[in-house]
Structure formats: C-alpha cells, structure tokens
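K.L.:
my_file-v7.cif is reproduced below (mmCIF, C-alpha atoms).
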```cif
data_work
loop_
_atom_site.label_atom_id
_atom_site.label_comp_id
_atom_site.auth_asym_id
_atom_site.auth_seq_id
_atom_site.Cartn_x
_atom_site.Cartn_y
_atom_site.Cartn_z
CA MET A 1494 0.00 0.00 0.00
CA LYS A 1495 1.33 3.36 -0.99
CA GLU A 1496 1.31 6.28 1.36
CA VAL A 1497 0.88 9.91 0.47
CA LYS A 1498 1.12 12.79 2.89
CA VAL A 1499 -1.30 15.64 2.29
CA GLU A 1500 -1.08 18.84 4.29
CA VAL A 1501 -4.03 21.19 4.35
CA ILE A 1502 -2.58 24.57 5.23
CA GLY A 1503 -4.81 27.27 6.62
CA PRO A 1504 -5.21 29.60 9.55
CA ASP A 1505 -6.14 28.42 12.98
CA PRO A 1506 -9.04 28.73 13.81
CA PRO A 1507 -9.88 27.55 10.30
CA CYS A 1508 -11.73 29.73 7.82
CA SER A 1509 -14.66 28.33 5.89
CA ARG A 1510 -12.74 28.03 2.63
CA CYS A 1511 -10.02 26.03 4.35
CA GLN A 1512 -12.62 23.69 5.72
CA ALA A 1513 -13.99 23.26 2.23
CA ALA A 1514 -10.48 22.40 1.03
CA LYS A 1515 -10.08 19.87 3.82
CA TRP A 1516 -13.41 18.32 2.93
CA ALA A 1517 -12.27 17.89 -0.67
CA VAL A 1518 -9.10 16.16 0.49
CA GLU A 1519 -11.03 13.88 2.82
CA LYS A 1520 -13.42 12.93 0.02
CA ALA A 1521 -10.52 12.14 -2.27
CA ALA A 1522 -8.81 10.12 0.45
CA GLU A 1523 -11.89 7.97 0.96
CA LYS A 1524 -12.00 7.08 -2.71
CA LEU A 1525 -8.28 6.43 -2.96
CA LYS A 1526 -8.37 4.06 -0.01
CA GLN A 1527 -10.24 1.60 -2.22
CA ALA A 1528 -7.58 2.03 -4.90
CA GLY A 1529 -4.93 1.08 -2.36
CA ILE A 1530 -3.48 4.48 -1.64
CA MET A 1531 -3.21 5.52 1.97
CA VAL A 1532 -3.64 9.27 2.42
CA ASN A 1533 -2.35 10.84 5.61
CA ILE A 1534 -4.13 14.12 6.08
CA GLU A 1535 -2.44 16.67 8.27
CA LYS A 1536 -3.63 20.10 9.19
CA ALA A 1537 -0.91 22.72 9.20
CA ASN A 1538 -1.22 26.21 10.59
CA ILE A 1539 -0.32 28.80 7.97
CA MET A 1540 0.71 31.20 10.71
CA SER A 1541 3.20 28.87 12.36
CA LYS A 1542 6.90 29.43 11.94
CA GLU A 1543 7.40 25.84 10.86
CA VAL A 1544 5.12 26.22 7.86
CA VAL A 1545 6.61 29.55 6.81
CA GLN A 1546 10.08 28.14 7.21
CA LYS A 1547 9.18 25.16 5.10
CA TYR A 1548 7.14 26.73 2.33
CA GLY A 1549 7.57 30.49 2.56
CA VAL A 1550 4.59 32.81 2.40
CA LEU A 1551 1.37 31.15 1.30
CA VAL A 1552 -2.16 32.20 0.52
CA SER A 1553 -4.75 30.17 2.38
CA PRO A 1554 -6.13 27.61 1.77
CA ALA A 1555 -3.11 25.71 0.48
CA ILE A 1556 -2.65 22.01 -0.10
CA ALA A 1557 0.74 20.34 -0.11
CA ILE A 1558 1.17 16.80 -1.37
CA ASN A 1559 4.33 14.99 -0.25
CA ASN A 1560 5.92 18.28 0.80
CA THR A 1561 5.11 20.12 -2.40
CA VAL A 1562 2.53 22.86 -2.41
CA LYS A 1563 0.25 22.13 -5.34
CA ILE A 1564 -2.74 24.30 -4.61
CA MET A 1565 -2.82 27.76 -3.12
CA GLY A 1566 -5.56 30.28 -2.50
CA ARG A 1567 -8.41 28.24 -3.90
CA VAL A 1568 -10.70 25.36 -3.06
CA PRO A 1569 -10.20 22.40 -5.39
CA SER A 1570 -12.75 19.74 -6.25
CA PRO A 1571 -12.34 16.25 -4.73
CA GLU A 1572 -11.66 14.90 -8.24
CA GLU A 1573 -8.80 17.29 -8.76
CA VAL A 1574 -7.22 16.39 -5.42
CA GLU A 1575 -7.67 12.72 -6.28
CA LYS A 1576 -5.81 13.16 -9.54
CA LEU A 1577 -2.97 15.04 -7.87
CA ILE A 1578 -2.58 12.41 -5.17
CA MET A 1579 -2.59 9.64 -7.76
CA GLU A 1580 0.23 11.37 -9.60
CA ALA A 1581 2.19 11.70 -6.38
CA ALA A 1582 1.66 8.02 -5.56
CA LYS A 1583 3.11 6.82 -8.85
CA MET B 899 -10.28 15.96 -28.53
CA GLU B 900 -13.86 15.77 -27.35
CA GLU B 901 -12.82 16.69 -23.82
CA LYS B 902 -11.09 19.74 -25.26
CA THR B 903 -14.13 21.01 -27.14
CA LYS B 904 -16.30 20.46 -24.10
CA ARG B 905 -13.96 22.57 -22.02
CA ALA B 906 -13.77 25.26 -24.66
CA ILE B 907 -17.55 25.47 -24.82
CA ARG B 908 -17.82 25.69 -21.04
CA ALA B 909 -15.18 28.42 -20.90
CA GLY B 910 -16.99 30.22 -23.71
CA ILE B 911 -20.30 30.20 -21.84
CA ILE B 912 -18.74 31.60 -18.67
CA LEU B 913 -16.84 34.24 -20.62
CA ALA B 914 -20.05 35.24 -22.36
CA PHE B 915 -21.68 35.68 -18.96
CA VAL B 916 -18.82 37.86 -17.78
CA ILE B 917 -18.99 39.97 -20.93
CA VAL B 918 -22.75 40.41 -20.50
CA VAL B 919 -22.24 41.57 -16.89
CA ILE B 920 -19.58 44.07 -17.92
CA GLY B 921 -21.71 45.13 -20.88
CA LEU B 922 -24.71 45.77 -18.63
CA LEU B 923 -22.65 48.03 -16.42
CA ILE B 924 -21.29 49.97 -19.37
CA TYR B 925 -24.78 50.23 -20.84
CA SER B 926 -26.15 51.62 -17.59
CA ARG B 927 -23.28 54.11 -17.64
CA ILE B 928 -24.05 55.25 -21.16
CA GLN B 929 -27.70 55.61 -20.30
CA ALA B 930 -26.62 57.71 -17.31
CA TYR B 931 -28.92 55.57 -15.29
CA SER B 932 -28.45 55.90 -11.54
CA LEU B 933 -27.19 52.77 -9.83
CA ALA B 934 -27.90 54.15 -6.39
CA PRO B 935 -31.26 54.44 -4.67
CA THR B 936 -33.25 57.51 -5.63
CA SER B 937 -35.87 57.74 -2.87
CA THR B 938 -36.00 61.06 -1.08
CA PRO B 939 -36.56 61.45 2.68
CA ILE B 940 -39.99 62.93 2.12
CA GLU B 941 -41.08 60.00 -0.03
CA LEU B 942 -39.76 57.50 2.49
CA ARG B 943 -41.49 59.16 5.42
CA GLY B 944 -44.78 58.70 3.62
CA TYR B 945 -44.68 54.94 4.16
CA PRO B 946 -45.56 53.07 7.36
CA LEU B 947 -42.56 52.36 9.57
CA TRP B 948 -42.27 48.67 8.69
CA ALA B 949 -42.44 49.32 4.98
CA ILE B 950 -39.59 51.83 4.83
CA PRO B 951 -36.78 49.23 4.64
CA LEU B 952 -38.72 47.23 2.06
CA VAL B 953 -39.28 50.23 -0.16
CA TYR B 954 -35.66 51.23 0.19
CA LEU B 955 -34.34 47.72 -0.47
CA TYR B 956 -36.57 47.44 -3.53
CA ASP B 957 -35.35 50.82 -4.69
CA TYR B 958 -31.76 49.78 -4.11
CA PHE B 959 -31.90 46.40 -5.77
CA SER B 960 -33.86 47.61 -8.76
CA HIS B 961 -30.96 49.96 -9.41
CA GLY B 962 -27.98 48.35 -7.76
CA THR B 963 -28.15 44.70 -8.81
CA ILE B 964 -26.04 45.30 -11.91
CA CYS B 965 -23.44 47.05 -9.83
CA LEU B 966 -23.29 44.29 -7.20
CA LEU B 967 -23.21 41.57 -9.84
CA PHE B 968 -20.38 43.37 -11.58
CA ALA B 969 -18.45 43.96 -8.37
CA PHE B 970 -18.61 40.35 -7.20
CA THR B 971 -17.87 38.93 -10.65
CA VAL B 972 -14.85 41.15 -11.13
CA ALA B 973 -13.60 40.52 -7.59
CA GLY B 974 -13.83 36.77 -8.16
CA LEU B 975 -12.06 36.95 -11.53
CA ILE B 976 -9.24 39.11 -10.27
CA TYR B 977 -8.71 36.97 -7.22
CA GLU B 978 -8.53 33.84 -9.33
CA PHE B 979 -6.22 35.23 -12.01
CA VAL B 980 -3.83 37.29 -9.92
CA PRO B 981 -0.59 35.30 -9.92
CA LYS B 982 -0.52 34.39 -6.26
CA GLU B 983 2.64 32.35 -6.33
CA ALA B 984 4.63 35.20 -7.83
CA ILE B 985 3.50 37.46 -5.03
CA THR B 986 4.17 35.09 -2.20
CA LYS B 987 7.54 34.25 -3.67
CA TYR B 988 8.74 37.83 -3.75
CA MET B 989 6.85 39.23 -0.81
CA GLY B 990 9.45 38.02 1.63
CA SER B 991 12.49 38.83 -0.47
CA SER B 992 13.32 42.42 0.42
CA ARG B 993 11.94 45.48 2.04
CA ALA B 994 11.40 47.56 -1.09
CA VAL B 995 9.76 44.72 -3.02
CA GLY B 996 7.67 43.95 0.04
CA TYR B 997 6.33 47.50 0.18
CA ALA B 998 5.65 47.60 -3.54
CA LEU B 999 3.77 44.32 -3.52
CA ALA B 1000 1.88 45.18 -0.37
CA LEU B 1001 0.60 48.36 -1.99
CA GLY B 1002 0.07 47.06 -5.47
CA ILE B 1003 -1.31 43.62 -4.90
CA ALA B 1004 -2.98 43.60 -1.50
CA PRO B 1005 -6.13 45.25 -2.86
CA PHE B 1006 -6.59 42.45 -5.39
CA LEU B 1007 -5.68 39.54 -3.22
CA THR B 1008 -7.52 40.06 -0.07
CA VAL B 1009 -11.16 40.55 -0.60
CA CYS B 1010 -11.55 37.89 2.04
CA SER B 1011 -10.34 38.86 5.49
CA CYS B 1012 -9.39 35.33 6.47
CA THR B 1013 -6.51 35.39 3.98
CA MET B 1014 -5.26 38.71 5.27
CA VAL B 1015 -4.02 38.00 8.77
CA PRO B 1016 -2.22 34.76 7.76
CA LEU B 1017 -0.48 36.66 4.99
CA PHE B 1018 0.50 39.31 7.48
CA GLY B 1019 2.12 36.61 9.61
CA GLY B 1020 3.75 34.99 6.61
CA VAL B 1021 5.25 38.21 5.33
CA LEU B 1022 6.57 39.05 8.77
CA TYR B 1023 8.13 35.64 9.37
CA ALA B 1024 9.58 35.30 5.92
CA GLY B 1025 11.85 38.24 6.39
CA ALA B 1026 10.39 41.22 4.56
CA GLY B 1027 10.01 42.73 7.98
CA ILE B 1028 7.26 44.35 9.91
CA GLY B 1029 7.05 47.42 7.67
CA PRO B 1030 5.66 45.73 4.55
CA ALA B 1031 3.55 43.45 6.74
CA ILE B 1032 1.81 46.43 8.36
CA THR B 1033 1.46 48.21 5.02
CA PHE B 1034 -0.16 45.12 3.61
CA LEU B 1035 -2.51 44.80 6.53
CA LEU B 1036 -3.69 48.40 6.32
CA MET B 1037 -3.89 48.46 2.57
CA ALA B 1038 -5.98 45.37 2.09
CA PRO B 1039 -9.26 46.41 3.70
CA ALA B 1040 -8.83 50.09 2.94
CA SER B 1041 -8.89 49.73 -0.78
CA ASN B 1042 -9.77 46.26 -1.88
CA ILE B 1043 -11.45 46.15 -5.26
CA LEU B 1044 -14.91 45.47 -3.93
CA ALA B 1045 -14.78 48.46 -1.60
CA ILE B 1046 -13.46 50.73 -4.33
CA LEU B 1047 -15.99 49.57 -6.92
CA LEU B 1048 -18.88 50.12 -4.54
CA THR B 1049 -17.58 53.45 -3.27
CA GLY B 1050 -17.37 54.55 -6.87
CA GLU B 1051 -20.80 53.29 -7.86
CA LEU B 1052 -22.69 54.27 -4.73
CA ILE B 1053 -20.98 57.49 -3.72
CA SER B 1054 -18.65 58.92 -6.32
CA TRP B 1055 -15.65 57.89 -8.35
CA GLU B 1056 -13.81 60.98 -7.19
CA LEU B 1057 -14.14 59.86 -3.60
CA ALA B 1058 -13.12 56.32 -4.54
CA GLY B 1059 -9.95 57.70 -6.17
CA VAL B 1060 -9.12 59.86 -3.20
CA ARG B 1061 -9.74 56.88 -0.94
CA ILE B 1062 -7.10 54.89 -2.83
CA ILE B 1063 -4.51 57.68 -2.69
CA ALA B 1064 -5.18 58.32 0.98
CA SER B 1065 -4.98 54.68 2.00
CA VAL B 1066 -1.79 54.09 0.01
CA THR B 1067 -0.14 57.00 1.78
CA VAL B 1068 -1.35 56.06 5.24
CA ALA B 1069 -0.43 52.39 4.81
CA LEU B 1070 3.04 53.26 3.60
CA VAL B 1071 3.67 55.80 6.36
CA ALA B 1072 2.43 53.40 9.03
CA GLY B 1073 4.66 50.61 7.70
CA ILE B 1074 7.76 52.78 7.57
CA VAL B 1075 7.17 54.43 10.94
CA ILE B 1076 6.53 51.15 12.73
CA SER B 1077 9.61 49.51 11.23
CA LYS B 1078 11.64 52.34 12.77
CA THR B 1079 10.24 52.09 16.29
CA PRO B 1080 12.10 50.04 18.92
CA TRP B 1081 9.03 47.88 19.59
CA GLY B 1082 8.52 47.28 15.88
CA LYS B 1083 12.12 46.16 15.55
CA ALA B 1084 11.72 43.88 18.56
CA VAL B 1085 8.78 42.08 16.95
CA GLU B 1086 10.70 41.78 13.71
CA LYS B 1087 13.68 40.25 15.44
CA GLU B 1088 11.59 37.83 17.39
CA HIS B 1089 9.76 36.50 14.36
CA LYS B 1090 12.37 36.52 11.68
CA ILE B 1091 13.26 33.10 10.43
CA ASN B 1092 16.74 32.54 9.19
CA ASN B 1093 17.03 30.85 5.89
CA ALA B 1094 13.40 30.42 4.92
CA ALA B 1095 12.30 27.67 2.55
CA SER B 1096 14.31 24.53 3.08
CA ALA B 1097 15.38 22.19 0.33
CA THR B 1098 12.86 19.46 1.05
CA ALA B 1099 9.79 21.54 0.41
CA LYS B 1100 8.73 22.94 -2.93
CA VAL B 1101 5.95 25.04 -4.29
CA GLU B 1102 4.70 23.83 -7.67
CA ILE B 1103 1.31 25.28 -8.23
CA VAL B 1104 -0.93 23.25 -10.48
CA LYS B 1105 -3.02 25.28 -12.90
CA PRO B 1106 -6.37 23.79 -13.77
CA PRO B 1107 -7.82 24.29 -17.27
CA LEU B 1108 -9.37 27.65 -18.18
CA ASP B 1109 -13.00 26.60 -17.86
CA GLU B 1110 -12.41 25.32 -14.35
CA ARG B 1111 -10.57 28.49 -13.38
CA LEU B 1112 -13.36 30.67 -14.72
CA TRP B 1113 -15.92 28.63 -12.90
CA ALA B 1114 -13.87 28.82 -9.71
CA ALA B 1115 -13.69 32.59 -10.14
CA LEU B 1116 -17.47 32.87 -10.33
CA LYS B 1117 -17.83 30.52 -7.41
CA PHE B 1118 -15.49 32.68 -5.38
CA GLY B 1119 -17.47 35.76 -6.34
CA GLY B 1120 -20.59 33.95 -5.12
CA TYR B 1121 -18.83 33.04 -1.90
CA LEU B 1122 -17.92 36.67 -1.32
CA ALA B 1123 -21.48 37.71 -2.00
CA LYS B 1124 -22.74 35.18 0.53
CA GLN B 1125 -20.32 36.54 3.12
CA ILE B 1126 -20.98 40.18 2.51
CA LEU B 1127 -24.57 40.57 1.34
CA PRO B 1128 -26.32 39.76 4.65
CA TYR B 1129 -24.42 42.60 6.34
CA PHE B 1130 -24.89 44.77 3.34
CA ILE B 1131 -28.67 44.31 3.39
CA LEU B 1132 -28.78 44.91 7.13
CA GLY B 1133 -26.82 48.09 6.50
CA LEU B 1134 -29.37 49.15 3.90
CA VAL B 1135 -32.19 48.63 6.39
CA VAL B 1136 -30.46 50.94 8.87
CA VAL B 1137 -29.76 53.42 6.12
CA SER B 1138 -33.39 53.49 5.04
CA TYR B 1139 -34.35 54.78 8.49
CA LEU B 1140 -31.40 57.14 8.58
CA GLU B 1141 -32.41 58.62 5.25
CA ALA B 1142 -36.01 58.96 6.29
CA PHE B 1143 -35.60 60.38 9.76
CA LEU B 1144 -32.12 61.77 10.30
CA PRO B 1145 -32.62 65.49 9.72
CA GLU B 1146 -30.18 67.17 7.40
CA GLU B 1147 -29.62 69.87 10.01
CA ILE B 1148 -28.15 67.41 12.51
CA ILE B 1149 -25.66 66.14 9.97
CA LYS B 1150 -24.80 69.67 8.93
CA THR B 1151 -24.26 70.69 12.56
CA TYR B 1152 -22.32 67.71 13.87
CA LEU B 1153 -20.95 65.77 10.94
CA THR B 1154 -19.50 68.46 8.73
CA GLY B 1155 -16.58 70.81 9.16
CA VAL B 1156 -13.50 70.10 11.26
CA GLY B 1157 -15.56 68.67 14.11
CA GLY B 1158 -17.41 66.48 11.64
CA VAL B 1159 -14.16 65.03 10.30
CA LEU B 1160 -12.96 64.27 13.82
CA LEU B 1161 -16.24 62.67 14.81
CA ALA B 1162 -16.47 60.68 11.57
CA SER B 1163 -12.93 59.37 11.92
CA VAL B 1164 -13.63 58.23 15.47
CA LEU B 1165 -17.01 56.66 14.65
CA GLY B 1166 -15.70 54.91 11.56
CA GLY B 1167 -13.27 52.72 13.47
CA PRO B 1168 -14.70 51.26 16.64
CA LEU B 1169 -18.12 50.93 15.05
CA TYR B 1170 -16.56 47.99 13.25
CA THR B 1171 -18.48 47.79 10.08
CA PRO B 1172 -17.90 44.52 8.26
CA THR B 1173 -16.69 45.14 4.72
CA LEU B 1174 -18.82 47.35 2.53
CA VAL B 1175 -21.40 48.31 5.14
CA GLU B 1176 -19.42 51.46 5.83
CA ILE B 1177 -20.08 52.52 2.25
CA VAL B 1178 -23.85 52.19 2.52
CA LEU B 1179 -23.91 53.76 5.97
CA GLY B 1180 -21.67 56.59 4.86
CA ARG B 1181 -23.95 57.21 1.94
CA GLY B 1182 -26.99 57.13 4.19
CA ILE B 1183 -25.52 59.71 6.51
CA TRP B 1184 -23.77 62.19 4.24
CA VAL B 1185 -25.44 61.94 0.88
CA ARG B 1186 -28.73 63.78 0.64
CA GLU B 1187 -30.54 63.74 -2.68
CA GLY B 1188 -27.34 63.18 -4.55
CA VAL B 1189 -25.35 65.89 -2.81
CA ILE B 1190 -22.47 65.02 -0.50
CA LEU B 1191 -22.81 67.25 2.55
CA SER B 1192 -19.16 66.93 3.55
CA LYS B 1193 -16.69 65.12 1.32
CA GLY B 1194 -14.00 65.47 3.98
CA ALA B 1195 -15.99 63.84 6.76
CA LEU B 1196 -17.19 61.06 4.46
CA LEU B 1197 -13.62 60.25 3.48
CA SER B 1198 -12.58 60.13 7.14
CA TRP B 1199 -15.46 57.83 7.86
CA LEU B 1200 -14.52 55.46 5.03
CA MET B 1201 -10.88 55.45 6.07
CA GLY B 1202 -11.78 54.65 9.64
CA GLN B 1203 -12.28 51.04 8.74
CA PRO B 1204 -8.73 49.71 8.73
CA TYR B 1205 -8.25 50.23 12.41
CA ASP B 1206 -11.27 48.27 13.43
CA PHE B 1207 -11.11 46.11 16.54
CA ALA B 1208 -11.51 42.69 15.00
CA ASN B 1209 -8.42 43.17 12.88
CA ALA B 1210 -6.45 44.75 15.69
CA MET B 1211 -7.22 41.79 17.95
CA ALA B 1212 -6.09 39.26 15.39
CA VAL B 1213 -2.89 41.14 14.77
CA SER B 1214 -2.09 41.64 18.42
CA ARG B 1215 -1.76 37.88 18.71
CA ILE B 1216 1.35 38.10 16.54
CA ALA B 1217 2.63 41.60 17.07
CA LYS B 1218 2.89 43.35 20.40
CA TRP B 1219 0.11 45.65 21.55
CA LYS B 1220 2.46 48.60 21.13
CA VAL B 1221 2.68 47.88 17.43
CA VAL B 1222 -1.08 47.62 17.20
CA ALA B 1223 -1.50 50.87 19.14
CA THR B 1224 0.97 52.63 16.85
CA TYR B 1225 -0.78 51.56 13.71
CA VAL B 1226 -4.18 52.42 15.09
CA ILE B 1227 -2.96 55.92 15.95
CA ILE B 1228 -1.32 56.44 12.57
CA ALA B 1229 -4.39 55.17 10.74
CA TRP B 1230 -6.59 57.48 12.77
CA ALA B 1231 -4.31 60.48 12.28
CA GLY B 1232 -4.21 59.67 8.57
CA SER B 1233 -7.97 59.55 8.27
CA VAL B 1234 -8.27 62.94 10.01
CA THR B 1235 -5.50 64.54 7.96
CA PHE B 1236 -6.83 63.32 4.65
CA GLY B 1237 -10.39 64.13 5.62
CA LEU B 1238 -9.47 67.71 6.41
CA LEU B 1239 -7.19 68.08 3.43
CA TYR B 1240 -9.69 66.68 0.97
CA GLY B 1241 -12.52 68.62 2.52
CA PHE B 1242 -10.51 71.81 2.31
CA LEU B 1243 -9.25 71.26 -1.24
CA SER B 1244 -12.61 70.21 -2.63
CA GLY B 1245 -14.39 73.00 -0.77
CA SER B 1246 -16.68 70.51 0.90
CA LEU B 1247 -15.67 70.20 4.52
#
```
Could you express the structure from this file as structure tokens?
P.N.:
Amino acid sequence: MKEVKVEVIGPDPPCSRCQAAKWAVEKAAEKLKQAGIMVNIEKANIMSKEVVQKYGVLVSPAIAINNTVKIMGRVPSPEEVEKLIMEAAK
Amino acid sequence: MEEKTKRAIRAGIILAFVIVVIGLLIYSRIQAYSLAPTSTPIELRGYPLWAIPLVYLYDYFSHGTICLLFAFTVAGLIYEFVPKEAITKYMGSSRAVGYALALGIAPFLTVCSCTMVPLFGGVLYAGAGIGPAITFLLMAPASNILAILLTGELISWELAGVRIIASVTVALVAGIVISKTPWGKAVEKEHKINNAASATAKVEIVKPPLDERLWAALKFGGYLAKQILPYFILGLVVVSYLEAFLPEEIIKTYLTGVGGVLLASVLGGPLYTPTLVEIVLGRGIWVREGVILSKGALLSWLMGQPYDFANAMAVSRIAKWKVVATYVIIAWAGSVTFGLLYGFLSGSL
C-alpha cells in the first residue's frame, strides 16, 4: 500500500474556505483508499513558523502533497485532489 | 479531442456571462442611469414604519443589482487570475519589493479577510520585515477592489480615487514608521526566520484548465457575496431609516466641518463595520438627494475602517500591543489629515 502525505494549510481557527479544502481532500482520500493508496491528512497552521520556514509565504487555503505545495488560495474539487494524489503516488 | 471542445464550450459560456455583466454596467453608464437608490426622505417618510426598509431595499436592488453583480464577478475573476505564487515568492524577499507588492497587490488579493491576517504573519516571518507586513494589513481592507468599486458606484468615483490615494499613503507611512520604532524592531527580530524555505519543500502550483478556473472565479465571487450581502442588506435597512428620519440639520451641525471630520474618523473605526457596510452607511448619513454634505468627513469615515477592533485583535496575537496601538494611531491620524485636506481642497468640509 502506498502512502501519500497531504497537508491542508490554513489559519487556525480555520476559515470556511479552508474547511472546504479539507473536505475535498477527505473525500478524495476515501475514494483512494479503495484504490490502495493511503492518504495521511495533516492540518498545518499557515501562521506557524514551521510552515513559513518550510514553504515560505502562502495564501490560504493551500494544499501540499508529499511536501510540495500544489494548490494555493483556492478550493479544489475532490476529483482534482484525487488526480494530484494519484500522480504523487506513482 | 472531445474533452477539449467540451472545455472550450464551457469556458466560452462563462466568458459570455462575464462579458454580459460588464456590458450591462457599461450600458447603464451610457444611459446615465443611476445605480444608487433615488428615494428622497420625504417619499420615504410617507410609508408606514415597517415598509420603509422594504421600499428602500426594492429601490436599491432595482438599481444596484447590476453594480453588485459586476463587483462580485470582477472581484472573483481578479482573485482567481492574480498570480498568487509570484506574489508570495517575492513578498518576503526584500523590504522595497515587500512594500511595492503590499501596496500594489494587497487590494486584489484580499477581498476575504481570512486570507489577510495569515499573509501578514507569513510576510513578517519570511523576512520582509514588519514594515511591509503592516502596510499590507492596512492596505488590504482600505482599498480592496470590492470596496473601491462600490464606493465609486454608490458614492462617487472621485471619492473612490481619493480613498485609494489616501490609504496608500497612510499604509506606507504606518509601515515605515513602525519599522523604525524600537518595539517594531523587537517584533521583527523575534519573528524573523533565518534561511526560509528549506530544500525538502517545494511550491509547484498546479493550474487547472481555463474553464475550471473561470468557474472557480465565479464561485469565489458567489462566496464573497454570501459573506458580505447579509451585512450589506442589514446596513441598507439601517440606512433606510437614517435617510427617512435623520434630519439634514443634525448632519450639517455635527458631521461636517472640522468637528465632523474628527467625529467621523472616530465613529468609523470602533463601530466595526464589516466590509462594505461602511459605504452604505456613509452614503446614508452624508449623501442627501445626490449631494455630498461633507466630502471630507465622508472620506474620514470610510478610512476609519482599517483600524477596526476585530483586525487589531487578530494582529495583536502576533505583534505586540504597542505595534497595534501605533498603527491604530497612525491610521486614525491619517484619516483625520486626509479628511481635512480633501474637505478643504474640494471646498466641501
């Protein structure tokens, strides 16, 4: 089983758009589980020093897959997240 | 191939919608058709108390729908198509670039307040320093595109222009002054991260196809509308009563002249008006039958917004209270100065 790490990066407390982004990732993760891909979802705080140190300045909501920020400042659809995770799992 | 044509058609439909919206606004311009409510106090007073807001809302939406539709569509489009990664990449690089980006891009990026405070933190940590971070924070609500579009449509484009110039100046001054204070420097030192962006992490933004981006832009415009319109409508209800019952004499006595500017600048801040309500309220107070009673006081009122409490609270979690106090004072002083100056120069104090 392949593992993919997905970070949903947003402010804490979360804004509604970040929650929408997280929901999309969760939806995608559910589907991918059946395809044999394990998705570890982590929530990262955009305001924390660790995140800024790692990625620089970001626009929320951002989604990083395996330590690469793929989506920034928008809410993707579950299908899009699914596709991106699949690519990362290859 | 088929997928491609499907996408092209979808993009075409959305683009057509956008063009129609823009066209409608231009058409209303050419027809010199007022986009703001036209009811007069005397007309409004003729209705029963409960009906006044309804009449006013009907009056507003029969005129203003095009304007709102345009504002939210354009805001969504600009937000989607502004190159965010370019901004975030350079925002932390140096002081001068930081200031330039804060002034030039903040208005387009941050129509949504929940992106603003995180960006403030990011800019501060990433090393551009507290100056650009503060400039960014003040600039974003003061002249975001939605606020400017609505100020222009509902009040006057002259005032909208002056509002931009005034907020650019105030934001820049506040940023520079705070970066020179000992407490500003202390915050900067505390938060600066050495050697940002490690080798393991990358930013490779994926761009979806055009039709999806256009659709996302409209969806974001809709999201903004959902966030803002309830407050906006509530504001209109208040304004309907203000227009009907607030006598012109009271405004002329207390809310014009030097005292009016001072009062307006003080009221504009702590009253915390969620985005855009300040425009409707300001119109309800100072604009009587199409005439602005005091341009100076109205400008001060509109500029009062950036030092609202909600923002200040969020920022004080990162920066020290001294920094917050300094920027509140500078923002207030700026709103008074520009209010007086504009009032004096335009002969409408």
K.L.:
Just the residues within 12 Å of A:Leu1577, please, counting only C-alpha atoms, with nothing from its chain fewer than 2 positions along; format it as an mmCIF file with C-alpha atoms, in the coordinates of the input.
P.N.:
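Wrote it out as selection.cif, contents follow:
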```cif
data_model
loop_
_atom_site.group_PDB
_atom_site.id
_atom_site.type_symbol
_atom_site.label_atom_id
_atom_site.label_comp_id
_atom_site.auth_asym_id
_atom_site.auth_seq_id
_atom_site.Cartn_x
_atom_site.Cartn_y
_atom_site.Cartn_z
ATOM 1 C CA VAL A 1497 0.880 9.910 0.470
ATOM 2 C CA LYS A 1498 1.120 12.790 2.890
ATOM 3 C CA VAL A 1499 -1.300 15.640 2.290
ATOM 4 C CA VAL A 1518 -9.100 16.160 0.490
ATOM 5 C CA ALA A 1521 -10.520 12.140 -2.270
ATOM 6 C CA ALA A 1522 -8.810 10.120 0.450
ATOM 7 C CA LEU A 1525 -8.280 6.430 -2.960
ATOM 8 C CA VAL A 1532 -3.640 9.270 2.420
ATOM 9 C CA ILE A 1556 -2.650 22.010 -0.100
ATOM 10 C CA ALA A 1557 0.740 20.340 -0.110
ATOM 11 C CA ILE A 1558 1.170 16.800 -1.370
ATOM 12 C CA ASN A 1559 4.330 14.990 -0.250
ATOM 13 C CA THR A 1561 5.110 20.120 -2.400
ATOM 14 C CA VAL A 1562 2.530 22.860 -2.410
ATOM 15 C CA LYS A 1563 0.250 22.130 -5.340
ATOM 16 C CA ILE A 1564 -2.740 24.300 -4.610
ATOM 17 C CA PRO A 1569 -10.200 22.400 -5.390
ATOM 18 C CA SER A 1570 -12.750 19.740 -6.250
ATOM 19 C CA PRO A 1571 -12.340 16.250 -4.730
ATOM 20 C CA GLU A 1572 -11.660 14.900 -8.240
ATOM 21 C CA GLU A 1573 -8.800 17.290 -8.760
ATOM 22 C CA VAL A 1574 -7.220 16.390 -5.420
ATOM 23 C CA GLU A 1575 -7.670 12.720 -6.280
ATOM 24 C CA MET A 1579 -2.590 9.640 -7.760
ATOM 25 C CA GLU A 1580 0.230 11.370 -9.600
ATOM 26 C CA ALA A 1581 2.190 11.700 -6.380
ATOM 27 C CA ALA A 1582 1.660 8.020 -5.560
ATOM 28 C CA LYS A 1583 3.110 6.820 -8.850
ATOM 29 C CA GLU B 1102 4.700 23.830 -7.670
ATOM 30 C CA ILE B 1103 1.310 25.280 -8.230
ATOM 31 C CA VAL B 1104 -0.930 23.250 -10.480
ATOM 32 C CA LYS B 1105 -3.020 25.280 -12.900
ATOM 33 C CA PRO B 1106 -6.370 23.790 -13.770
#
```
K.L.:
Evaluate the PyMOL selection byres ((chain B and resi 1061) around 12) against this structure - the residues, as an NGL selection string, please.
P.N.:
:B and (1037 or 1039-1043 or 1045-1050 or 1053-1060 or 1062-1069 or 1177 or 1193-1194 or 1196-1203 or 1232-1233 or 1236-1237 or 1240)
K.L.:
If I take atom CA of B:Tyr1152 and atom CA of B:Ile950, how far is one from the other in Å, to one decimal?
P.N.:
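Distance between the two atoms: 25.1 Å.
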K.L.:
Ranking B:Val1226, B:Ile985, B:Val1185, B:Ile1076 by minimum distance to chain A and counting only C-alpha atoms, which one comes first?
P.N.:
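The answer is B:Ile985, which sits nearest to chain A.
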K.L.:
Which residues are near B:Val916? Cut-off 9 Å, all atoms listed in the file, ignore same chain within fewer than 3 positions. Put them as a list in words.
P.N.:
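Non-adjacent residues within range: Ile911, Ile912, Leu913, Val919, Ile920, Gly921, Phe968, Thr971 and Val972 of chain B.
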K.L.:
What is the distance between atom CA of B:Ala1000 and atom CA of B:Leu975, in Å to one decimal?
P.N.:
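Taking atom CA of B:Ala1000 and atom CA of B:Leu975, their separation equals 19.7 Å.
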K.L.:
Could you tell me, as a PyMOL selection string, exactly which residues end up selected when the PyMOL selection byres ((chain A) within 10 of (chain B)) is applied to this structure?
P.N.:
chain A and resi 1503-1511+1538-1570+1573+1577
K.L.:
Can you work out which one of B:Ile917, B:Tyr925, B:Leu1134, B:Leu1044 has the shortest atom-to-atom distance to B:Asp957, counting all atoms listed in the file?
P.N.:
B:Leu1134
K.L.:
Using the chain letters and residue numbers of this document, give as a list in words the residues selected by the PyMOL selection byres ((chain B and resi 941) around 12).
P.N.:
Thr936, Ser937, Thr938, Pro939, Ile940, Leu942, Arg943, Gly944, Tyr945, Pro946, Ala949, Ile950, Val953, Tyr954, Asp957, Ser1138, Glu1141, Ala1142, Phe1143 and Glu1187 of chain B
K.L.:
Rounded to one decimal, what separation in Å do you get between atom CA of B:Leu923 and atom CA of B:Leu1127?
P.N.:
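These two atoms are separated by 19.4 Å.
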K.L.:
Leaving out B:Leu1179 and any residue of its chain fewer than 5 positions from it, which residues lie within 8 Å of it when counting all atoms listed in the file, given as an MDAnalysis selection string?
P.N.:
chainID B and resid 1133:1134 1136:1137
